[in-house]
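Here is the structure we will look at, set down as structure tokens.
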Amino acid sequence: MKIGLFGLNMWPCVTPQAVSVVAHAAEDAGFDSFWGGEHIALPDPPTTSTPMSPRTVFVDLCVTIAFAAAHTRTLRFGTGIMILPLRNPVILAKQLASVDVLTRGRFILGVGISSIEQEYEAVGVPFAEKGKRAEEAIALMKSLWTMERPKFHGRFFSLEGVRAEPRPVQKPHVPIIFGGKSKYAFDRTARLGDGWYGFGLDLEATSNCLNGIRAACSKHGRDFAHLDISVTPKGEADVELAHRLAALGVTRMIIAPRAKDLDQILQAVNIAGRTLVGRV
């Protein structure tokens with residue numbers, strides 16, 4: 001099993017020193033990848049459905065990944081997840097292809113759909129039909145990345161007669177990992193994804209989600225074994241848990257240390273490197 005680290009672009013990794021030092025430590029410890037999440041804007045004052053304080057810092061994912069990649073050689077970087085419908089897909093395709101070029105093909109695109117309506121209002125994107133907008137965005141970006149003469153015409157986006165360079169180093173395009181725990185997210189993963197990422201799951205929730213993805217794969221004629229399944233477990237991660245997750249079909253365990261400062265996250269990385277990496 002591959003071992004990843006979560007917290008690329010949030011506390012305590014919100015300064016150049018912290019990002020570079022933790023990325024170095026994760027690479028030296030043998031971690032497969034370093035992941036970050038995001039919210040573009042959070043309600044202030046917070047609502048009952050808001051996941052965190054509006055003062056939570058999220059450094060931009062593309063900027064942070066490009067910076068961290070310059071300080072590493074083998075570590076991969078993933079977005080876990082990027083809120084796809086909030087962005088113009090033509091501009092995003094350019095940004096993500098550039099990230100893949102600057103990381104020399106070490107980029108994993110994890111995408112999802114926020115449930116915070118105020119976040120959509122803040123960027124002027126309709127909250128309704130956000131799932132369909134996300135699917136169109138994926139199709140449009142794939143056309144820009146893979147077609148000799150890109151062409152796409154959908155309900156929300158349309159493109160023809162243009163070309164956008166650079167194209168991703170990874171072929172045919174960067175790996176696309178979907179988040180989400182709904183039947184729609186599972187269906188989207190089976191139809192369009194290279195993998196899936198579940199955050200904060202115990203074994204039962206992981207099993208339920210993977211059963212849902214397996215059912216969607218059967219429906220669409222997709223081999224579940226071809227998907228890259230990543231999970232950040234709820235609670236402490238150890239070798240026994242990693243083995244139990246692997247038995248369920250998980251291929252990457254992404255740990256999220258509860259660190260109050262840089263020293264604590266470095267300590268967690270070193271411990272995980274000794275106790276997890278290479279042992280599962």
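Ordering of the structure tokens sets the chain letters (A, B, ...), residue numbers begin anew at 1 in every chain, and ligands are numbered from 1 in the order given.
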Using DSSP on the backbone coordinates, identify all residues within region 44-108 of chain A classified as helix (DSSP H, G or I); present the result as a short mmCIF file (atom, residue, chain, number, x, y, z; two decimals) with C-alpha atoms, in the first residue's frame.
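Heads up, here's the output in result14.cif:
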data_model
loop_
_atom_site.label_atom_id
_atom_site.label_comp_id
_atom_site.auth_asym_id
_atom_site.auth_seq_id
_atom_site.Cartn_x
_atom_site.Cartn_y
_atom_site.Cartn_z
CA LEU A 61 -3.37 24.47 -4.18
CA CYS A 62 -1.78 25.04 -7.59
CA VAL A 63 0.64 27.62 -6.22
CA THR A 64 1.58 25.46 -3.23
CA ILE A 65 2.12 22.32 -5.31
CA ALA A 66 4.36 24.14 -7.78
CA PHE A 67 6.37 25.57 -4.90
CA ALA A 68 6.69 22.25 -3.05
CA ALA A 69 7.64 20.40 -6.22
CA LEU A 84 -14.17 21.81 -9.63
CA PRO A 85 -17.44 23.65 -10.43
CA LEU A 86 -16.14 26.88 -8.89
CA PRO A 89 -12.44 24.83 -16.97
CA VAL A 90 -10.41 26.45 -19.78
CA ILE A 91 -8.35 28.46 -17.30
CA LEU A 92 -8.13 25.49 -14.94
CA ALA A 93 -6.93 23.18 -17.73
CA LYS A 94 -4.06 25.60 -18.36
CA GLN A 95 -3.18 25.80 -14.66
CA LEU A 96 -3.28 22.05 -14.08
CA ALA A 97 -1.27 21.23 -17.21
CA SER A 98 1.30 23.78 -16.06
CA VAL A 99 1.44 22.15 -12.62
CA ASP A 100 1.99 18.75 -14.24
CA VAL A 101 4.82 20.18 -16.36
CA LEU A 102 6.48 21.92 -13.40
#
- Item | All strand (DSSP E) positions in region 166-267 of chain A, as number ranges by chain | A: 176-178, 195-201, 228-233, 252-255
Could you please take those selected residues and save C-alpha atoms as a PDB file, in the first residue's frame?
ATOM      1  CA  ILE A 176      -8.406  12.242 -12.111  1.00  0.00           C
ATOM      2  CA  ILE A 177      -9.564  11.189  -8.639  1.00  0.00           C
ATOM      3  CA  PHE A 178     -13.115  11.926  -7.478  1.00  0.00           C
ATOM      4  CA  GLY A 195      -9.676   6.698  -8.703  1.00  0.00           C
ATOM      5  CA  TRP A 196     -11.509   7.902  -5.594  1.00  0.00           C
ATOM      6  CA  TYR A 197     -10.577   9.645  -2.347  1.00  0.00           C
ATOM      7  CA  GLY A 198     -12.503   9.335   0.916  1.00  0.00           C
ATOM      8  CA  PHE A 199     -11.595  11.557   3.850  1.00  0.00           C
ATOM      9  CA  GLY A 200     -12.148  10.859   7.548  1.00  0.00           C
ATOM     10  CA  LEU A 201     -13.607   7.361   7.206  1.00  0.00           C
ATOM     11  CA  ASP A 228      -6.652   4.006  -7.383  1.00  0.00           C
ATOM     12  CA  ILE A 229      -8.490   4.123  -4.040  1.00  0.00           C
ATOM     13  CA  SER A 230      -7.195   6.536  -1.398  1.00  0.00           C
ATOM     14  CA  VAL A 231      -8.567   6.935   2.117  1.00  0.00           C
ATOM     15  CA  THR A 232      -7.705   9.162   5.042  1.00  0.00           C
ATOM     16  CA  PRO A 233      -8.796   7.096   8.054  1.00  0.00           C
ATOM     17  CA  ARG A 252      -3.286   4.396  -0.648  1.00  0.00           C
ATOM     18  CA  MET A 253      -3.670   5.436   2.994  1.00  0.00           C
ATOM     19  CA  ILE A 254      -3.286   9.178   3.438  1.00  0.00           C
ATOM     20  CA  ILE A 255      -2.587  10.138   7.030  1.00  0.00           C
TER      21      ILE A 255
END
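With distances restricted to only C-alpha atoms, A:Arg279 is the closest residue to His243 (chain A) from A:Arg76, A:Arg279, A:Lys171, A:Arg87.
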- Considering only C-alpha atoms, state which residue in the set A:Asn208, A:Arg274, A:Val59, A:Val162 is at the smallest distance from Pro150 (chain A).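 Once distances to Pro150 (chain A) are computed over only C-alpha atoms, the minimum belongs to A:Val162.
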- Item | Given only C-alpha atoms as the counted atoms, nearest of A:Glu135, A:Asp238, A:Asp263, A:Glu129 to Ile3 (chain A) | A:Asp238
- Task: Write out as a PyMOL selection string which residues come within 10 Å of Lys219 (chain A) when counting only C-alpha atoms, dropping same-chain ones fewer than 6 positions away.
- Result: chain A and resi 187+190-191+213
What does the file look like for those residues with C-alpha atoms, as an mmCIF file, in the first residue's frame?
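As written to disk, result-v2.cif reads:
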data_model
loop_
_atom_site.group_PDB
_atom_site.id
_atom_site.type_symbol
_atom_site.label_atom_id
_atom_site.label_comp_id
_atom_site.auth_asym_id
_atom_site.auth_seq_id
_atom_site.Cartn_x
_atom_site.Cartn_y
_atom_site.Cartn_z
ATOM 1 C CA ASP A 187 -21.285 6.752 -10.431
ATOM 2 C CA ALA A 190 -16.948 4.610 -12.273
ATOM 3 C CA ARG A 191 -17.676 6.495 -15.497
ATOM 4 C CA ILE A 213 -18.199 2.219 -6.123
#
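From CA of Tyr184 (chain A) back to CA of Ala216 (chain A), the distance works out to 9.3 Å.
Taking only C-alpha atoms into account, Leu192 (chain A) lies nearest to A:Ile138 out of the set A:Leu42, A:Val269, A:Ala164, A:Ile138.
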- Considering only C-alpha atoms, state which residue in the set A:Ala41, A:Leu140, A:Arg133, A:Ala29 is at the smallest distance from Gln267 (chain A). A:Ala29
- Note on the structure: Here CA of Asn9 (chain A) and CA of Thr56 (chain A) stand apart by 10.9 Å
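Taking only C-alpha atoms into account, Glu160 (chain A) lies nearest to A:Leu144 out of the set A:Val111, A:Leu144, A:Ala268, A:Val174.
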- Message: Report, in Å to a single decimal, how far apart CA of Met1 (chain A) and CA of Ala259 (chain A) are.
- Response: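 CA of Met1 (chain A) lies at a distance of 23.8 Å from CA of Ala259 (chain A).
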Excluding region 44-52 of chain A and residues on its chain fewer than 6 positions from it, collect all residues at most 12 Å away from it, counting only C-alpha atoms, and give them as a short mmCIF file (atom, residue, chain, number, x, y, z; two decimals) with N, CA and C atoms, in the first residue's frame.
data_model
loop_
_atom_site.label_atom_id
_atom_site.label_comp_id
_atom_site.auth_asym_id
_atom_site.auth_seq_id
_atom_site.Cartn_x
_atom_site.Cartn_y
_atom_site.Cartn_z
N GLU A 38 -9.16 22.25 0.07
CA GLU A 38 -9.43 23.67 -0.14
C GLU A 38 -10.88 24.02 0.14
N PHE A 58 -6.35 28.48 3.68
CA PHE A 58 -6.04 27.52 2.62
C PHE A 58 -5.19 28.25 1.59
N SER A 114 -18.34 21.10 -3.54
CA SER A 114 -18.66 21.64 -2.22
C SER A 114 -20.18 21.71 -2.02
N SER A 115 -20.60 21.55 -0.77
CA SER A 115 -22.02 21.67 -0.44
C SER A 115 -22.34 23.02 0.18
N ILE A 116 -21.39 23.96 0.14
CA ILE A 116 -21.58 25.28 0.75
C ILE A 116 -22.07 26.26 -0.31
N GLU A 117 -23.32 26.60 -0.25
CA GLU A 117 -23.92 27.44 -1.29
C GLU A 117 -23.28 28.83 -1.33
N GLN A 118 -22.90 29.36 -0.17
CA GLN A 118 -22.30 30.70 -0.13
C GLN A 118 -20.99 30.74 -0.90
N GLU A 119 -20.29 29.61 -0.96
CA GLU A 119 -19.03 29.55 -1.70
C GLU A 119 -19.27 29.74 -3.19
N ALA A 122 -20.16 33.39 -3.89
CA ALA A 122 -19.01 34.29 -3.82
C ALA A 122 -18.27 34.39 -5.15
#
